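Participant: Following this line is entry_5.tsv, made up of TSV, C-alpha atoms:
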```tsv
chain	number	residue	atom	x	y	z
A	14	MET	CA	0.00	0.00	0.00
A	15	SER	CA	1.42	3.41	-0.96
A	16	GLN	CA	2.00	6.23	1.52
A	17	GLU	CA	-0.94	8.16	0.08
A	18	ASP	CA	-3.22	5.10	0.37
A	19	GLN	CA	-2.12	4.59	4.00
A	20	LEU	CA	-2.81	8.24	4.84
A	21	GLU	CA	-6.24	8.06	3.13
A	22	ARG	CA	-7.10	4.84	5.02
A	23	ILE	CA	-6.22	6.42	8.36
A	24	TRP	CA	-8.00	9.70	7.49
A	25	ARG	CA	-11.22	7.84	6.65
A	26	SER	CA	-11.09	5.88	9.94
A	27	LEU	CA	-10.67	8.91	12.25
A	28	LYS	CA	-13.55	10.50	14.16
A	29	PRO	CA	-13.32	13.40	14.79
A	30	LYS	CA	-10.92	14.49	12.10
A	31	PRO	CA	-7.79	16.37	13.20
A	32	SER	CA	-7.70	20.13	12.57
A	33	PHE	CA	-5.12	19.66	9.80
A	34	ASN	CA	-5.13	17.74	6.52
A	35	LEU	CA	-3.57	14.36	7.22
A	36	VAL	CA	-2.95	13.61	3.54
A	37	GLU	CA	0.01	15.78	2.54
A	38	GLN	CA	3.03	15.08	0.37
A	39	THR	CA	5.48	15.86	3.18
A	40	ARG	CA	3.75	13.61	5.74
A	41	LEU	CA	5.02	10.06	6.11
A	42	PHE	CA	3.11	7.29	7.83
A	43	LEU	CA	5.66	5.31	9.86
A	44	LYS	CA	3.94	2.94	12.26
A	45	GLU	CA	0.72	2.07	14.05
A	46	GLY	CA	-0.38	-0.34	16.72
A	47	PRO	CA	-1.95	-0.92	20.11
A	48	ILE	CA	-0.39	0.87	23.06
A	49	GLY	CA	-1.08	1.51	26.73
A	50	PHE	CA	-1.40	5.14	27.81
A	51	TYR	CA	-1.46	6.46	31.37
A	52	ASP	CA	-4.57	8.61	31.87
A	53	GLU	CA	-3.65	11.15	34.56
A	54	LYS	CA	-7.26	12.07	35.39
A	55	ALA	CA	-8.45	8.49	35.81
A	56	ARG	CA	-5.08	7.34	37.21
A	57	LEU	CA	-5.32	4.24	35.01
A	58	ILE	CA	-3.49	2.72	32.09
A	59	LYS	CA	-5.90	2.63	29.15
A	60	ASN	CA	-5.67	0.72	25.89
A	61	TYR	CA	-5.33	2.91	22.81
A	62	HIS	CA	-4.24	2.67	19.19
A	63	ILE	CA	-1.42	4.94	18.07
A	64	PHE	CA	-0.62	6.25	14.58
A	65	CYS	CA	2.89	7.60	14.11
A	66	PHE	CA	3.89	10.00	11.35
A	67	ASN	CA	7.06	11.98	10.76
A	68	ASP	CA	5.44	15.02	12.44
A	69	TYR	CA	2.52	13.84	14.59
A	70	LEU	CA	1.34	11.08	16.89
A	71	LEU	CA	-2.38	10.36	16.97
A	72	LEU	CA	-3.57	8.53	20.07
A	73	CYS	CA	-6.99	7.00	19.40
A	74	LYS	CA	-9.61	4.79	21.00
A	75	PRO	CA	-10.67	1.97	18.63
A	76	GLU	CA	-14.43	1.64	18.04
A	77	GLN	CA	-15.98	-1.33	16.24
A	78	ASN	CA	-18.80	-0.28	13.88
A	79	SER	CA	-20.43	-3.16	11.95
A	80	ASN	CA	-17.66	-4.45	9.65
A	81	ASN	CA	-15.09	-1.70	10.04
A	82	VAL	CA	-13.05	-0.15	12.82
A	83	THR	CA	-13.02	3.59	13.39
A	84	TYR	CA	-10.73	5.47	15.73
A	85	ARG	CA	-11.84	8.22	18.09
A	86	LEU	CA	-9.02	10.76	18.23
A	87	LYS	CA	-8.18	11.42	21.90
A	88	VAL	CA	-4.68	12.96	21.96
A	89	LEU	CA	-2.74	14.71	19.23
A	90	VAL	CA	1.01	15.11	19.82
A	91	THR	CA	3.04	17.45	17.64
A	92	LEU	CA	6.46	15.84	17.45
A	93	GLN	CA	8.08	19.27	17.01
A	94	ALA	CA	7.05	19.95	20.62
A	95	CYS	CA	8.82	16.80	21.84
A	96	VAL	CA	12.04	17.32	23.71
A	97	LYS	CA	13.01	13.70	24.32
A	98	VAL	CA	11.88	10.11	24.70
A	99	GLU	CA	12.87	8.37	27.92
A	100	ASP	CA	12.85	4.82	29.13
A	101	GLU	CA	14.10	3.31	32.38
A	102	LYS	CA	17.60	3.07	30.89
A	103	SER	CA	17.57	6.88	30.73
A	104	GLY	CA	17.81	6.95	34.50
A	105	TRP	CA	14.30	7.30	35.92
A	106	SER	CA	12.33	4.78	37.91
A	107	ASP	CA	9.90	6.90	39.92
A	108	PHE	CA	6.72	5.95	38.05
A	109	ARG	CA	7.02	2.21	37.41
A	110	ALA	CA	4.12	0.19	38.68
A	111	SER	CA	6.52	-2.55	39.58
A	112	SER	CA	9.58	-2.45	41.76
A	113	PRO	CA	13.03	-3.08	40.28
A	114	GLY	CA	13.84	-6.77	40.16
A	115	SER	CA	10.21	-7.87	39.93
A	116	ASN	CA	8.90	-10.16	37.20
A	117	VAL	CA	6.94	-7.36	35.49
A	118	PRO	CA	8.50	-6.61	32.08
A	119	ASP	CA	10.04	-3.21	31.34
A	120	ILE	CA	7.42	-1.84	28.95
A	121	GLU	CA	7.05	1.79	30.03
A	122	PHE	CA	8.40	4.81	28.17
A	123	ARG	CA	7.79	8.55	28.26
A	124	ILE	CA	7.55	11.29	25.70
A	125	CYS	CA	8.60	14.63	27.18
A	126	THR	CA	7.03	17.59	25.39
A	127	THR	CA	7.48	21.28	26.07
A	128	LYS	CA	4.21	21.23	28.09
A	129	LYS	CA	3.90	17.80	29.72
A	130	VAL	CA	5.18	14.26	30.02
A	131	LEU	CA	3.14	11.49	28.37
A	132	VAL	CA	3.52	7.96	29.73
A	133	PHE	CA	3.12	4.98	27.39
A	134	PHE	CA	3.34	1.20	27.74
A	135	GLY	CA	4.35	-1.14	24.92
A	136	ARG	CA	2.80	-4.59	24.58
A	137	ASP	CA	6.13	-6.11	25.59
A	138	ALA	CA	9.78	-5.09	25.94
A	139	LEU	CA	10.47	-5.53	22.22
A	140	ASP	CA	7.47	-3.38	21.27
A	141	LYS	CA	8.59	-0.69	23.72
A	142	THR	CA	12.12	-0.73	22.31
A	143	SER	CA	10.75	-0.40	18.78
A	144	TRP	CA	8.63	2.65	19.70
A	145	VAL	CA	11.43	4.32	21.67
A	146	SER	CA	13.91	3.82	18.83
A	147	LEU	CA	11.51	5.17	16.18
A	148	LEU	CA	10.45	8.19	18.22
A	149	ARG	CA	14.03	9.11	19.10
A	150	LYS	CA	14.96	8.91	15.43
A	151	ILE	CA	12.04	11.17	14.41
A	152	ILE	CA	12.78	13.75	17.12
A	153	SER	CA	16.49	13.84	16.22
A	154	THR	CA	15.63	14.66	12.58
A	155	ILE	CA	13.27	17.47	13.64
A	156	GLU	CA	15.77	19.23	15.92
```
Here is the file; what I need is its structure written in the form of structure tokens.
Facilitator:
Amino acid sequence: MSQEDQLERIWRSLKPKPSFNLVEQTRLFLKEGPIGFYDEKARLIKNYHIFCFNDYLLLCKPEQNSNNVTYRLKVLVTLQACVKVEDEKSGWSDFRASSPGSNVPDIEFRICTTKKVLVFFGRDALDKTSWVSLLRKIISTIE
């Protein structure tokens, strides 16, 4: 599937639509998948679906409608506003739900923006590593 087809597919599945045109020549679709996101208000980790582009992250709640899946846009992250991506190897351990040395896998990572810190959880350690690596690469090309 071409980049334009991918962007069109995602655009059609989003409700509500973002305030910008998703289908642009300069925008690259890079990755998507399920992800855990820490909801500060509810103080819970919620299951979301994330779409990653070279300039934005779209954090969405999947909704099943008859034969197709739509995504309710919940959080829009401008990657230009991102300062860094951290994982436990970066030196923090104050938020982990588990204590060091426990059997809970290391799946948490953070995106630090100019306004707040967003906490995410990969499906497993490999998934987390993949997201951290991709996001660091994107942010380094924007700087």
Participant: Set the distance at 10 Å and use all atoms listed in the file: which residues neighbour range 41-43 of chain A once local chain neighbours fewer than 5 positions away are removed? I'd like the list as a PyMOL selection string.
Facilitator: chain A and resi 15-17+19-20+23+35-36+64-70+147+151
Participant: Restricting the calculation to all atoms listed in the file: of A:Ile120, A:Met14, A:Leu27, A:Leu72, which residue gets closest to Thr142 in chain A?
Facilitator: A:Ile120
Participant: Using all atoms listed in the file, which residues sit within 10 Å of Lys74 in chain A once same-chain residues fewer than 5 positions away are excluded, as JSON, numbers by chain?
Facilitator: {"A": [27, 28, 47, 59, 60, 61, 62, 63, 83, 84, 85, 86, 87, 88]}
Participant: If you measure from CA of Ile124 in chain A to CA of Lys97 in chain A, what distance in Å do you get, rounded to one decimal?
Facilitator: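 That distance, rounded to one decimal, is 6.1 Å.
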Participant: Using only C-alpha atoms, find the one residue out of A:Val82, A:Leu139, A:Ile155, A:Cys73 that sits nearest to Pro31 in chain A.
Facilitator: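 Among the listed residues, the smallest separation from Pro31 in chain A belongs to A:Cys73.
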Participant: Within 12 Å of range 52-56 of chain A, counting all atoms listed in the file, which residues show up once you throw out same-chain ones fewer than 6 positions away? Write them as a ChimeraX atom specification, please.
Facilitator: /A:72,87-88,108,110,129-134
Participant: Which residue is closest to Phe122 in chain A? Choose from A:Ser146, A:Thr91, A:Asn81, A:Ser26 and count only C-alpha atoms.
Facilitator: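 Going through A:Ser146, A:Thr91, A:Asn81, A:Ser26 one by one, the smallest distance to Phe122 in chain A is for A:Ser146.
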Participant: In Å, rounded to a single decimal, give me how far CA of Ala94 in chain A is from CA of Lys128 in chain A.
Facilitator: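 Taking CA of Lys128 in chain A and CA of Ala94 in chain A, their separation equals 8.1 Å.
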Participant: Quick one: of A:Tyr51, A:Cys125, A:Val98, A:Glu45, who's nearest to Asp140 in chain A, counting all atoms listed in the file?
Facilitator: A:Glu45
Participant: With all atoms listed in the file as the counted atoms, please give the residues lying no more than 8 Å from Asp119 in chain A, apart from itself and same-chain residues fewer than 4 positions off, as a ChimeraX atom specification.
Facilitator: /A:101,137-138
Participant: To one decimal in Å, tell me the separation between CA of Gly49 in chain A and CA of Ile152 in chain A.
Facilitator: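 A separation of 20.8 Å between them.
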